[in-house]
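Novice: Contents are mmCIF, C-alpha atoms (C1' of nucleotides); file name upload-v1.cif:
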```cif
data_data
#
loop_
_atom_site.label_atom_id
_atom_site.label_comp_id
_atom_site.auth_asym_id
_atom_site.auth_seq_id
_atom_site.Cartn_x
_atom_site.Cartn_y
_atom_site.Cartn_z
CA MET E 1 -6.39 24.53 21.58
CA SER E 2 -8.58 21.80 20.21
CA THR E 3 -8.44 18.34 21.73
CA GLU E 4 -11.65 17.36 19.95
CA ASN E 5 -11.21 14.76 17.27
CA ASN E 6 -12.19 15.99 13.87
CA LEU E 7 -15.17 13.97 12.80
CA SER E 8 -15.59 15.25 9.30
CA LEU E 9 -14.54 13.12 6.38
CA ASP E 10 -13.13 14.78 3.30
CA LYS E 11 -13.12 13.62 -0.27
CA THR E 12 -9.92 11.61 0.18
CA ASP E 13 -11.26 9.81 3.24
CA LEU E 14 -14.37 8.86 1.32
CA SER E 15 -12.29 7.55 -1.56
CA ILE E 16 -10.23 5.45 0.80
CA LEU E 17 -13.37 4.08 2.41
CA ARG E 18 -14.83 3.29 -0.99
CA LEU E 19 -11.73 1.35 -1.99
CA MET E 20 -11.45 -0.49 1.29
CA GLN E 21 -15.11 -1.33 1.46
CA GLU E 22 -14.76 -3.01 -1.91
CA ASN E 23 -11.52 -4.77 -0.96
CA SER E 24 -10.14 -4.50 2.54
CA ARG E 25 -6.89 -6.15 1.50
CA ILE E 26 -5.98 -3.48 -1.02
CA SER E 27 -2.43 -2.24 -0.45
CA ASN E 28 -1.55 1.30 0.52
CA VAL E 29 0.59 1.43 -2.59
CA GLN E 30 -2.41 0.63 -4.77
CA MET E 31 -4.60 3.20 -3.05
CA ALA E 32 -1.80 5.74 -3.27
CA LYS E 33 -1.61 5.23 -7.02
CA GLU E 34 -5.33 5.59 -7.50
CA LEU E 35 -5.55 8.69 -5.35
CA ASP E 36 -2.24 10.12 -6.51
CA MET E 37 -0.74 10.33 -3.05
CA ALA E 38 2.14 8.82 -1.10
CA PRO E 39 1.56 5.43 0.58
CA SER E 40 2.61 6.89 3.91
CA ALA E 41 -0.12 9.49 3.68
CA ILE E 42 -2.69 6.82 2.94
CA LEU E 43 -1.55 4.79 5.91
CA GLU E 44 -1.84 7.79 8.18
CA ARG E 45 -5.41 8.40 7.10
CA VAL E 46 -6.40 4.76 7.42
CA LYS E 47 -5.11 4.67 10.99
CA LYS E 48 -7.08 7.77 11.81
CA LEU E 49 -10.21 6.30 10.31
CA GLU E 50 -9.70 3.29 12.55
CA GLN E 51 -9.14 5.45 15.62
CA LYS E 52 -12.12 7.64 14.85
CA ASN E 53 -14.27 4.53 14.73
CA VAL E 54 -15.27 5.17 11.16
CA ILE E 55 -13.77 1.85 10.20
CA LEU E 56 -15.31 -0.78 12.45
CA GLN E 57 -13.77 -3.99 11.17
CA TYR E 58 -11.97 -5.66 8.32
CA THR E 59 -13.89 -8.80 7.59
CA THR E 60 -14.18 -11.61 5.11
CA ARG E 61 -17.44 -12.53 3.45
CA ILE E 62 -17.73 -16.28 3.34
CA ASN E 63 -20.11 -18.33 1.25
CA PRO E 64 -22.62 -19.62 3.82
CA ALA E 65 -23.55 -22.63 1.72
CA ARG E 66 -19.96 -23.88 1.86
CA LEU E 67 -20.27 -24.02 5.62
CA ASN E 68 -23.58 -25.77 5.36
CA LEU E 69 -25.42 -22.76 6.67
CA LYS E 70 -28.42 -23.22 4.47
CA LEU E 71 -31.11 -21.63 6.56
CA LEU E 72 -31.75 -17.94 6.90
CA ALA E 73 -34.69 -16.67 8.89
CA PHE E 74 -36.15 -13.41 10.09
CA ILE E 75 -37.89 -13.56 13.40
CA SER E 76 -40.28 -10.94 14.69
CA MET E 77 -40.84 -10.93 18.39
CA LYS E 78 -42.81 -8.95 20.87
CA ALA E 79 -41.28 -8.40 24.25
CA SER E 80 -42.49 -6.92 27.51
CA ASP E 81 -39.34 -4.89 28.08
CA SER E 82 -39.75 -1.63 29.86
CA ILE E 83 -39.47 1.25 27.43
CA GLY E 84 -35.90 2.27 26.62
CA CYS E 85 -33.90 -0.41 28.38
CA SER E 86 -34.08 -3.62 26.38
CA THR E 87 -32.37 -6.54 28.07
CA THR E 88 -34.11 -8.93 25.73
CA ALA E 89 -32.28 -7.50 22.73
CA LEU E 90 -28.95 -7.75 24.52
CA GLU E 91 -29.60 -11.39 25.34
CA LEU E 92 -30.46 -12.10 21.73
CA ALA E 93 -27.32 -10.31 20.58
CA LYS E 94 -25.17 -12.71 22.57
CA ILE E 95 -26.23 -15.67 20.45
CA PRO E 96 -23.65 -16.24 17.67
CA GLU E 97 -26.20 -17.49 15.17
CA VAL E 98 -28.07 -14.23 15.57
CA GLN E 99 -26.63 -11.86 13.00
CA GLU E 100 -28.88 -8.89 13.55
CA VAL E 101 -31.16 -7.51 16.21
CA HIS E 102 -33.20 -4.44 15.41
CA HIS E 103 -35.68 -2.60 17.52
CA ILE E 104 -38.42 -1.71 15.11
CA ALA E 105 -41.32 0.65 15.02
CA GLY E 106 -44.77 -0.80 15.09
CA GLU E 107 -46.39 -3.68 16.82
CA ASP E 108 -43.58 -6.21 16.81
CA CYS E 109 -40.75 -5.01 19.02
CA TYR E 110 -37.75 -6.78 17.55
CA LEU E 111 -36.67 -8.06 14.20
CA VAL E 112 -33.98 -10.72 14.44
CA LYS E 113 -31.94 -12.24 11.62
CA VAL E 114 -30.69 -15.75 12.25
CA ARG E 115 -28.55 -18.12 10.22
CA THR E 116 -28.30 -21.81 10.98
CA THR E 117 -27.62 -25.12 9.27
CA ASP E 118 -31.21 -26.12 8.75
CA SER E 119 -34.68 -25.80 10.16
CA ALA E 120 -33.93 -28.41 12.79
CA SER E 121 -31.06 -26.37 14.14
CA LEU E 122 -33.23 -23.27 14.12
CA MET E 123 -35.76 -25.12 16.21
CA ALA E 124 -32.99 -26.22 18.55
CA LEU E 125 -31.79 -22.65 18.83
CA MET E 126 -35.25 -21.42 19.68
CA ARG E 127 -35.75 -24.16 22.23
CA ASP E 128 -32.34 -23.81 23.88
CA HIS E 129 -31.90 -20.06 23.76
CA PHE E 130 -34.90 -17.99 22.84
CA SER E 131 -37.20 -19.77 25.23
CA LYS E 132 -34.78 -19.06 28.09
CA ILE E 133 -34.98 -15.33 27.53
CA PRO E 134 -37.66 -13.76 29.71
CA ASN E 135 -40.03 -11.07 28.50
CA ILE E 136 -40.55 -12.60 25.08
CA LEU E 137 -44.27 -12.60 24.52
CA SER E 138 -44.63 -13.95 21.02
CA ILE E 139 -42.55 -15.09 18.08
CA ARG E 140 -43.21 -15.20 14.39
CA SER E 141 -40.51 -16.61 12.17
CA THR E 142 -40.16 -16.15 8.44
CA ILE E 143 -37.99 -18.51 6.44
CA VAL E 144 -35.98 -17.21 3.51
CA LEU E 145 -36.46 -19.33 0.41
CA GLU E 146 -33.87 -17.63 -1.71
CA THR E 147 -31.47 -14.74 -1.23
CA VAL E 148 -31.07 -12.60 -4.32
CA LYS E 149 -28.75 -10.01 -2.77
CA GLU E 150 -26.97 -9.77 0.54
CA GLN E 151 -24.24 -7.28 1.36
CA GLN E 152 -23.49 -4.61 3.88
CA GLN E 153 -21.83 -2.20 1.49
CA LEU E 154 -22.78 1.37 2.15
CA VAL E 155 -23.42 3.98 -0.47
CA ILE E 156 -20.50 6.34 0.05
CA PRO E 157 -21.13 9.88 -1.14
CA GLU E 158 -18.73 11.66 -3.51
CA LYS E 159 -18.34 14.54 -1.17
CA MET J 1 -7.97 -38.56 -13.25
CA SER J 2 -9.95 -35.99 -11.34
CA THR J 3 -10.33 -32.46 -12.60
CA GLU J 4 -13.10 -31.76 -10.09
CA ASN J 5 -12.28 -29.17 -7.48
CA ASN J 6 -12.30 -30.49 -3.97
CA LEU J 7 -15.09 -28.76 -2.14
CA SER J 8 -14.51 -30.06 1.33
CA LEU J 9 -12.97 -27.86 3.97
CA ASP J 10 -10.70 -29.36 6.57
CA LYS J 11 -9.94 -28.18 10.06
CA THR J 12 -7.14 -25.90 8.88
CA ASP J 13 -9.34 -24.23 6.28
CA LEU J 14 -11.96 -23.56 8.91
CA SER J 15 -9.37 -22.05 11.23
CA ILE J 16 -8.14 -19.78 8.46
CA LEU J 17 -11.69 -18.72 7.70
CA ARG J 18 -12.33 -18.03 11.35
CA LEU J 19 -9.27 -15.81 11.60
CA MET J 20 -9.96 -13.98 8.38
CA GLN J 21 -13.61 -13.47 9.12
CA GLU J 22 -12.60 -11.73 12.32
CA ASN J 23 -9.85 -9.71 10.63
CA SER J 24 -9.36 -9.88 6.90
CA ARG J 25 -6.12 -7.94 7.14
CA ILE J 26 -4.39 -10.49 9.34
CA SER J 27 -0.99 -11.41 7.90
CA ASN J 28 -0.06 -14.86 6.69
CA VAL J 29 2.79 -14.78 9.19
CA GLN J 30 0.34 -14.24 12.05
CA MET J 31 -1.95 -17.02 10.87
CA ALA J 32 1.03 -19.29 10.35
CA LYS J 33 2.07 -18.75 13.96
CA GLU J 34 -1.37 -19.45 15.32
CA LEU J 35 -1.82 -22.57 13.22
CA ASP J 36 1.79 -23.69 13.50
CA MET J 37 2.44 -23.76 9.79
CA ALA J 38 4.60 -21.99 7.22
CA PRO J 39 3.31 -18.68 5.81
CA SER J 40 3.59 -20.02 2.28
CA ALA J 41 1.28 -22.89 3.13
CA ILE J 42 -1.29 -20.46 4.52
CA LEU J 43 -1.08 -18.35 1.39
CA GLU J 44 -1.68 -21.37 -0.79
CA ARG J 45 -4.77 -22.32 1.13
CA VAL J 46 -6.14 -18.79 1.12
CA LYS J 47 -5.77 -18.61 -2.64
CA LYS J 48 -7.60 -21.88 -3.00
CA LEU J 49 -10.39 -20.68 -0.76
CA GLU J 50 -10.72 -17.67 -3.03
CA GLN J 51 -10.73 -19.79 -6.17
CA LYS J 52 -13.22 -22.24 -4.73
CA ASN J 53 -15.55 -19.34 -4.04
CA VAL J 54 -15.57 -20.04 -0.34
CA ILE J 55 -14.18 -16.59 0.28
CA LEU J 56 -16.47 -14.14 -1.48
CA GLN J 57 -14.94 -10.80 -0.60
CA TYR J 58 -12.65 -8.94 1.75
CA THR J 59 -14.60 -5.99 2.97
CA THR J 60 -14.52 -3.18 5.48
CA ARG J 61 -17.34 -2.54 7.90
CA ILE J 62 -17.91 1.18 8.09
CA ASN J 63 -19.87 3.03 10.72
CA PRO J 64 -23.05 4.06 8.85
CA ALA J 65 -23.70 7.00 11.16
CA ARG J 66 -20.39 8.55 10.14
CA LEU J 67 -21.62 8.62 6.57
CA ASN J 68 -24.91 10.07 7.66
CA LEU J 69 -26.73 6.90 6.81
CA LYS J 70 -29.13 7.11 9.69
CA LEU J 71 -32.10 5.26 8.33
CA LEU J 72 -32.49 1.52 8.10
CA ALA J 73 -35.70 -0.03 6.90
CA PHE J 74 -37.11 -3.41 6.05
CA ILE J 75 -39.62 -3.47 3.26
CA SER J 76 -42.00 -6.31 2.57
CA MET J 77 -43.48 -6.40 -0.86
CA LYS J 78 -45.81 -8.57 -2.80
CA ALA J 79 -45.12 -9.03 -6.47
CA SER J 80 -46.94 -10.66 -9.33
CA ASP J 81 -43.87 -12.41 -10.68
CA SER J 82 -44.39 -15.71 -12.36
CA ILE J 83 -43.29 -18.53 -10.12
CA GLY J 84 -39.56 -19.23 -10.22
CA CYS J 85 -38.30 -16.39 -12.36
CA SER J 86 -38.26 -13.17 -10.37
CA THR J 87 -37.28 -10.14 -12.38
CA THR J 88 -38.59 -7.89 -9.65
CA ALA J 89 -35.96 -9.11 -7.21
CA LEU J 90 -33.22 -8.57 -9.75
CA GLU J 91 -34.36 -5.03 -10.35
CA LEU J 92 -34.37 -4.36 -6.64
CA ALA J 93 -30.89 -5.85 -6.31
CA LYS J 94 -29.52 -3.29 -8.75
CA ILE J 95 -30.29 -0.41 -6.40
CA PRO J 96 -27.16 0.40 -4.33
CA GLU J 97 -29.11 1.47 -1.26
CA VAL J 98 -30.75 -1.95 -1.24
CA GLN J 99 -28.50 -4.17 0.87
CA GLU J 100 -30.55 -7.31 0.86
CA VAL J 101 -33.29 -8.92 -1.17
CA HIS J 102 -34.79 -12.15 0.06
CA HIS J 103 -37.54 -14.23 -1.39
CA ILE J 104 -39.52 -15.32 1.61
CA ALA J 105 -42.09 -17.92 2.40
CA GLY J 106 -45.57 -16.78 3.16
CA GLU J 107 -47.82 -14.10 1.86
CA ASP J 108 -45.30 -11.32 1.27
CA CYS J 109 -43.03 -12.28 -1.57
CA TYR J 110 -39.91 -10.25 -0.87
CA LEU J 111 -38.14 -8.85 2.14
CA VAL J 112 -35.85 -5.96 1.28
CA LYS J 113 -33.32 -4.23 3.51
CA VAL J 114 -32.58 -0.64 2.64
CA ARG J 115 -30.22 1.94 4.10
CA THR J 116 -30.49 5.63 3.34
CA THR J 117 -29.69 9.00 4.86
CA ASP J 118 -33.13 9.70 6.27
CA SER J 119 -36.80 9.05 5.75
CA ALA J 120 -36.96 11.68 3.05
CA SER J 121 -34.34 9.88 1.00
CA LEU J 122 -36.15 6.61 1.54
CA MET J 123 -39.27 8.20 0.15
CA ALA J 124 -37.30 9.51 -2.80
CA LEU J 125 -35.88 6.05 -3.40
CA MET J 126 -39.32 4.52 -3.39
CA ARG J 127 -40.67 7.18 -5.69
CA ASP J 128 -37.76 7.10 -8.14
CA HIS J 129 -36.99 3.40 -8.18
CA PHE J 130 -39.48 1.09 -6.56
CA SER J 131 -42.44 2.62 -8.29
CA LYS J 132 -40.74 2.10 -11.66
CA ILE J 133 -40.47 -1.62 -11.11
CA PRO J 134 -43.44 -3.45 -12.59
CA ASN J 135 -45.18 -6.31 -10.87
CA ILE J 136 -45.00 -4.80 -7.41
CA LEU J 137 -48.45 -5.12 -5.94
CA SER J 138 -48.03 -3.77 -2.43
CA ILE J 139 -45.41 -2.39 -0.11
CA ARG J 140 -45.14 -2.33 3.65
CA SER J 141 -42.10 -0.64 5.15
CA THR J 142 -40.81 -1.02 8.66
CA ILE J 143 -38.43 1.54 10.09
CA VAL J 144 -35.65 0.45 12.42
CA LEU J 145 -35.55 2.57 15.57
CA GLU J 146 -32.36 1.11 16.97
CA THR J 147 -29.91 -1.55 15.88
CA VAL J 148 -28.58 -3.62 18.76
CA LYS J 149 -26.50 -6.01 16.66
CA GLU J 150 -25.58 -6.11 13.00
CA GLN J 151 -22.93 -8.36 11.50
CA GLN J 152 -22.56 -10.99 8.85
CA GLN J 153 -20.17 -13.23 10.74
CA LEU J 154 -20.94 -16.87 10.30
CA VAL J 155 -20.68 -19.51 12.96
CA ILE J 156 -17.80 -21.60 11.70
CA PRO J 157 -17.79 -25.19 12.94
CA GLU J 158 -14.74 -26.73 14.61
CA LYS J 159 -14.66 -29.58 12.20
"C1'" DA Q 1 1.39 38.29 9.92
"C1'" DG Q 2 2.58 34.65 13.27
"C1'" DT Q 3 1.91 30.50 15.59
"C1'" DA Q 4 0.07 26.02 16.04
"C1'" DT Q 5 -1.77 22.05 13.91
"C1'" DA Q 6 -2.55 18.86 10.56
"C1'" DA Q 7 -1.39 16.57 6.23
"C1'" DC Q 8 1.92 15.24 2.90
"C1'" DA Q 9 6.12 13.50 0.40
"C1'" DG Q 10 10.14 10.90 0.14
"C1'" DA Q 11 13.78 8.06 1.87
"C1'" DA Q 12 15.25 4.35 4.94
"C1'" DT Q 13 14.10 0.22 7.26
"C1'" DA Q 14 11.25 -3.60 8.85
"C1'" DA Q 15 7.99 -6.79 7.81
"C1'" DT Q 16 5.35 -9.33 4.80
"C1'" DA Q 17 3.91 -11.50 0.44
"C1'" DT Q 18 5.16 -14.38 -3.10
"C1'" DT Q 19 7.71 -17.62 -5.75
"C1'" DC Q 20 10.03 -21.77 -6.31
"C1'" DA Q 21 12.46 -26.05 -5.67
"C1'" DT Q 22 12.12 -29.89 -2.94
"C1'" DA Q 23 10.26 -33.13 0.45
"C1'" DA Q 24 6.61 -35.34 2.86
"C1'" DA Q 25 2.01 -36.95 3.06
"C1'" DA Q 26 -2.15 -38.47 1.26
"C1'" DT Q 27 -4.73 -40.44 -2.43
"C1'" DT Q 28 -5.49 -43.33 -6.26
"C1'" DA Q 29 -4.75 -46.98 -9.42
"C1'" DC Q 30 -3.52 -51.46 -10.25
"C1'" DG M 1 0.10 -53.91 -0.60
"C1'" DT M 2 2.87 -51.09 -3.66
"C1'" DA M 3 3.88 -47.80 -7.19
"C1'" DA M 4 2.33 -43.74 -9.33
"C1'" DT M 5 0.04 -39.51 -8.85
"C1'" DT M 6 -1.57 -35.66 -6.59
"C1'" DT M 7 -1.79 -32.71 -2.81
"C1'" DT M 8 0.17 -30.20 0.77
"C1'" DA M 9 3.94 -28.62 3.26
"C1'" DT M 10 8.55 -26.50 4.17
"C1'" DG M 11 12.27 -23.24 3.84
"C1'" DA M 12 15.05 -20.17 1.35
"C1'" DA M 13 15.31 -16.38 -1.97
"C1'" DT M 14 13.19 -12.41 -3.88
"C1'" DA M 15 9.71 -8.87 -4.65
"C1'" DT M 16 6.40 -5.92 -2.50
"C1'" DT M 17 4.56 -3.65 0.92
"C1'" DA M 18 4.10 -1.60 5.56
"C1'" DT M 19 5.91 1.44 8.68
"C1'" DT M 20 8.74 4.93 10.61
"C1'" DC M 21 10.81 9.23 10.52
"C1'" DT M 22 12.33 13.75 9.00
"C1'" DG M 23 11.55 17.76 6.72
"C1'" DT M 24 8.17 20.45 4.21
"C1'" DT M 25 3.88 22.42 2.88
"C1'" DA M 26 -0.72 23.56 3.65
"C1'" DT M 27 -4.37 24.96 6.80
"C1'" DA M 28 -6.58 26.96 10.73
"C1'" DC M 29 -6.69 29.99 14.35
"C1'" DT M 30 -5.69 34.31 16.91
#
```
Written as structure tokens, that's how I'd like the structure from this file.

Specialist:
Amino acid sequence: MSTENNLSLDKTDLSILRLMQENSRISNVQMAKELDMAPSAILERVKKLEQKNVILQYTTRINPARLNLKLLAFISMKASDSIGCSTTALELAKIPEVQEVHHIAGEDCYLVKVRTTDSASLMALMRDHFSKIPNILSIRSTIVLETVKEQQQLVIPEK
Amino acid sequence: MSTENNLSLDKTDLSILRLMQENSRISNVQMAKELDMAPSAILERVKKLEQKNVILQYTTRINPARLNLKLLAFISMKASDSIGCSTTALELAKIPEVQEVHHIAGEDCYLVKVRTTDSASLMALMRDHFSKIPNILSIRSTIVLETVKEQQQLVIPEK
DNA sequence: AGTATAACAGAATAATATTCATAAAATTAC
DNA sequence: GTAATTTTATGAATATTATTCTGTTATACT
């Protein structure tokens, strides 16, 4: 017997992921045509990819400028967290304007990506939220002047 | 007469965006129920949001680890581009493993986010691609040890 | 080889997307 | 303010698609 979930992805899975990463609203019929399979087979695989946590979310990329989210910043911060357990990062992750929190190698402990309306709202965010988080020793923020590329698309191997 | 496309988003548009950002595969029927409207009206608005370039893409978030993409790095680089026109950034943007390219304020000119299989493949990428791009003066790469949060979701205002 | 398991195809059905004609609402012009 | 124009909405009809299910084939395991 084997209760273990099969974690390996075959060529077909990768093709499905490639198509859905490019357009999550593609129909099973369309994918079936491209992969020369039956729609029902595609559906079955997609559901498994969801269950296996390979597919995390179907999301919509929205133009930030159209929502008046004109400011993007990267913030490096040192924290006095005990090694391993990082409550600071978890606190930061709770803030909706915080898009990313990475624990990085080197002197600065965390790299945080934040998107807000403008610099005033960034300041407000720092005052109202960041300053309330204990253990933060220092902050250095870097403002993005222009974004040339921004996507999460992964490079999916052929096989 | 007014041929100009209306750029403003009303409360309903924002609600649709909120729902679709959370789940791009939500049906028009479901949205119609939640917003107390007819499915056909939802569809019409969605199409307009696509045309108006508010909606950029429907995409699928995939677990990077399941594709063996274990390495995430941020790379700061100085370039000798002439002010304004940045061919370096455009070259960087062409590389699939490069997820983000930002022109940042301060000493370092660009901040680049890269995802690869491992440190060896990052080195290969730098050797095969970065080094071929002219104008790059210096590079400083920062390896991510752990990602606590990573999403592109925008904070969509109520109104 | 034989059994168990997983993956697929194809048909039937359920649900959804899409179109369209019409009505209501909002906007604009005068 | 009112008429004309445009925008947005509804609801029904139709086209597509999703989903389920059954039987079959392929695969893995012993």

Novice: Put chain J on top of chain E with a least-squares fit on all C-alpha atoms, paired in order, and send it back as a short mmCIF file (atom, residue, chain, number, x, y, z; two decimals) with C-alpha atoms, in the coordinates of the input.

Specialist:
```cif
data_model
loop_
_atom_site.label_atom_id
_atom_site.label_comp_id
_atom_site.auth_asym_id
_atom_site.auth_seq_id
_atom_site.Cartn_x
_atom_site.Cartn_y
_atom_site.Cartn_z
CA MET J 1 -6.45 24.46 21.95
CA SER J 2 -8.60 21.69 20.57
CA THR J 3 -8.34 18.16 21.85
CA GLU J 4 -11.56 17.18 20.09
CA ASN J 5 -11.18 14.64 17.33
CA ASN J 6 -12.18 15.91 13.95
CA LEU J 7 -15.16 13.91 12.85
CA SER J 8 -15.57 15.21 9.35
CA LEU J 9 -14.54 13.12 6.39
CA ASP J 10 -13.12 14.78 3.33
CA LYS J 11 -13.14 13.63 -0.25
CA THR J 12 -9.94 11.63 0.18
CA ASP J 13 -11.27 9.80 3.23
CA LEU J 14 -14.39 8.86 1.32
CA SER J 15 -12.32 7.56 -1.58
CA ILE J 16 -10.25 5.45 0.78
CA LEU J 17 -13.39 4.08 2.38
CA ARG J 18 -14.84 3.29 -1.01
CA LEU J 19 -11.75 1.35 -2.02
CA MET J 20 -11.46 -0.49 1.25
CA GLN J 21 -15.12 -1.34 1.43
CA GLU J 22 -14.77 -3.02 -1.94
CA ASN J 23 -11.52 -4.76 -0.99
CA SER J 24 -10.15 -4.50 2.50
CA ARG J 25 -6.90 -6.14 1.46
CA ILE J 26 -6.00 -3.48 -1.08
CA SER J 27 -2.45 -2.24 -0.51
CA ASN J 28 -1.57 1.30 0.47
CA VAL J 29 0.57 1.44 -2.66
CA GLN J 30 -2.44 0.64 -4.83
CA MET J 31 -4.61 3.22 -3.10
CA ALA J 32 -1.82 5.76 -3.31
CA LYS J 33 -1.65 5.27 -7.07
CA GLU J 34 -5.37 5.63 -7.53
CA LEU J 35 -5.57 8.73 -5.36
CA ASP J 36 -2.25 10.17 -6.51
CA MET J 37 -0.72 10.34 -3.07
CA ALA J 38 2.15 8.81 -1.13
CA PRO J 39 1.55 5.42 0.53
CA SER J 40 2.57 6.82 3.89
CA ALA J 41 -0.13 9.46 3.66
CA ILE J 42 -2.73 6.79 2.92
CA LEU J 43 -1.57 4.75 5.89
CA GLU J 44 -1.88 7.73 8.17
CA ARG J 45 -5.42 8.38 7.08
CA VAL J 46 -6.43 4.74 7.40
CA LYS J 47 -5.13 4.64 10.95
CA LYS J 48 -7.10 7.74 11.78
CA LEU J 49 -10.24 6.26 10.28
CA GLU J 50 -9.73 3.27 12.53
CA GLN J 51 -9.16 5.42 15.60
CA LYS J 52 -12.13 7.62 14.84
CA ASN J 53 -14.29 4.51 14.71
CA VAL J 54 -15.28 5.16 11.14
CA ILE J 55 -13.78 1.84 10.17
CA LEU J 56 -15.34 -0.79 12.41
CA GLN J 57 -13.77 -3.99 11.15
CA TYR J 58 -11.97 -5.66 8.29
CA THR J 59 -13.89 -8.79 7.56
CA THR J 60 -14.17 -11.62 5.09
CA ARG J 61 -17.43 -12.54 3.43
CA ILE J 62 -17.69 -16.30 3.35
CA ASN J 63 -20.06 -18.35 1.26
CA PRO J 64 -22.58 -19.64 3.85
CA ALA J 65 -23.51 -22.66 1.74
CA ARG J 66 -19.92 -23.89 1.90
CA LEU J 67 -20.23 -24.02 5.67
CA ASN J 68 -23.54 -25.78 5.40
CA LEU J 69 -25.37 -22.77 6.70
CA LYS J 70 -28.38 -23.24 4.50
CA LEU J 71 -31.08 -21.64 6.57
CA LEU J 72 -31.73 -17.95 6.92
CA ALA J 73 -34.68 -16.68 8.89
CA PHE J 74 -36.14 -13.43 10.09
CA ILE J 75 -37.88 -13.56 13.41
CA SER J 76 -40.26 -10.93 14.69
CA MET J 77 -40.86 -10.93 18.38
CA LYS J 78 -42.83 -8.95 20.85
CA ALA J 79 -41.30 -8.38 24.24
CA SER J 80 -42.50 -6.88 27.48
CA ASP J 81 -39.37 -4.85 28.05
CA SER J 82 -39.75 -1.59 29.83
CA ILE J 83 -39.50 1.29 27.42
CA GLY J 84 -35.94 2.33 26.60
CA CYS J 85 -33.94 -0.36 28.34
CA SER J 86 -34.10 -3.59 26.37
CA THR J 87 -32.38 -6.49 28.05
CA THR J 88 -34.12 -8.89 25.71
CA ALA J 89 -32.29 -7.47 22.71
CA LEU J 90 -28.97 -7.73 24.49
CA GLU J 91 -29.60 -11.35 25.32
CA LEU J 92 -30.46 -12.06 21.72
CA ALA J 93 -27.32 -10.27 20.56
CA LYS J 94 -25.17 -12.67 22.57
CA ILE J 95 -26.23 -15.63 20.45
CA PRO J 96 -23.64 -16.19 17.67
CA GLU J 97 -26.18 -17.47 15.16
CA VAL J 98 -28.08 -14.21 15.58
CA GLN J 99 -26.62 -11.83 13.00
CA GLU J 100 -28.88 -8.88 13.54
CA VAL J 101 -31.17 -7.50 16.20
CA HIS J 102 -33.22 -4.43 15.40
CA HIS J 103 -35.70 -2.59 17.50
CA ILE J 104 -38.45 -1.72 15.09
CA ALA J 105 -41.36 0.62 14.98
CA GLY J 106 -44.80 -0.83 15.09
CA GLU J 107 -46.41 -3.69 16.88
CA ASP J 108 -43.58 -6.22 16.80
CA CYS J 109 -40.78 -5.02 19.01
CA TYR J 110 -37.76 -6.77 17.54
CA LEU J 111 -36.66 -8.05 14.18
CA VAL J 112 -33.98 -10.71 14.42
CA LYS J 113 -31.93 -12.24 11.62
CA VAL J 114 -30.68 -15.73 12.25
CA ARG J 115 -28.52 -18.11 10.23
CA THR J 116 -28.26 -21.80 11.00
CA THR J 117 -27.56 -25.10 9.30
CA ASP J 118 -31.16 -26.13 8.78
CA SER J 119 -34.64 -25.80 10.19
CA ALA J 120 -33.89 -28.40 12.82
CA SER J 121 -31.02 -26.35 14.18
CA LEU J 122 -33.20 -23.26 14.13
CA MET J 123 -35.72 -25.10 16.23
CA ALA J 124 -32.98 -26.19 18.59
CA LEU J 125 -31.77 -22.61 18.86
CA MET J 126 -35.23 -21.40 19.71
CA ARG J 127 -35.73 -24.14 22.24
CA ASP J 128 -32.33 -23.76 23.90
CA HIS J 129 -31.91 -20.01 23.79
CA PHE J 130 -34.92 -17.95 22.85
CA SER J 131 -37.21 -19.72 25.24
CA LYS J 132 -34.79 -19.00 28.09
CA ILE J 133 -35.00 -15.28 27.53
CA PRO J 134 -37.67 -13.71 29.71
CA ASN J 135 -40.03 -11.04 28.50
CA ILE J 136 -40.57 -12.57 25.08
CA LEU J 137 -44.29 -12.58 24.51
CA SER J 138 -44.63 -13.94 20.99
CA ILE J 139 -42.54 -15.11 18.09
CA ARG J 140 -43.20 -15.19 14.38
CA SER J 141 -40.48 -16.62 12.16
CA THR J 142 -40.13 -16.17 8.44
CA ILE J 143 -37.95 -18.53 6.45
CA VAL J 144 -35.94 -17.23 3.52
CA LEU J 145 -36.43 -19.37 0.42
CA GLU J 146 -33.82 -17.65 -1.71
CA THR J 147 -31.43 -14.76 -1.23
CA VAL J 148 -31.04 -12.62 -4.33
CA LYS J 149 -28.74 -10.03 -2.78
CA GLU J 150 -26.96 -9.79 0.54
CA GLN J 151 -24.24 -7.30 1.36
CA GLN J 152 -23.47 -4.61 3.87
CA GLN J 153 -21.83 -2.19 1.47
CA LEU J 154 -22.79 1.37 2.12
CA VAL J 155 -23.43 3.99 -0.50
CA ILE J 156 -20.53 6.35 0.03
CA PRO J 157 -21.15 9.91 -1.14
CA GLU J 158 -18.76 11.69 -3.49
CA LYS J 159 -18.34 14.57 -1.15
#
```

Novice: Expand the PyMOL selection byres ((chain E) within 10 of (chain M)) into the explicit residue set it covers here, and present it as a VMD selection string.

Specialist: chain E and resid 1 27 to 30 39 to 40 43

Novice: Running the PyMOL selection byres ((chain E) within 10 of (chain Q)) on this model by hand, what would come out? Give it as a PyMOL selection string.

Specialist: chain E and resi 1-2+37-42+44-45

Novice: Restricting it to C-alpha atoms, dump the selection as a CSV table (one decimal), in the frame of the given file.

Specialist:
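Output below, filename result_32.csv:
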```csv
chain,number,residue,atom,x,y,z
E,1,MET,CA,-6.4,24.5,21.6
E,2,SER,CA,-8.6,21.8,20.2
E,37,MET,CA,-0.7,10.3,-3.0
E,38,ALA,CA,2.1,8.8,-1.1
E,39,PRO,CA,1.6,5.4,0.6
E,40,SER,CA,2.6,6.9,3.9
E,41,ALA,CA,-0.1,9.5,3.7
E,42,ILE,CA,-2.7,6.8,2.9
E,44,GLU,CA,-1.8,7.8,8.2
E,45,ARG,CA,-5.4,8.4,7.1
```
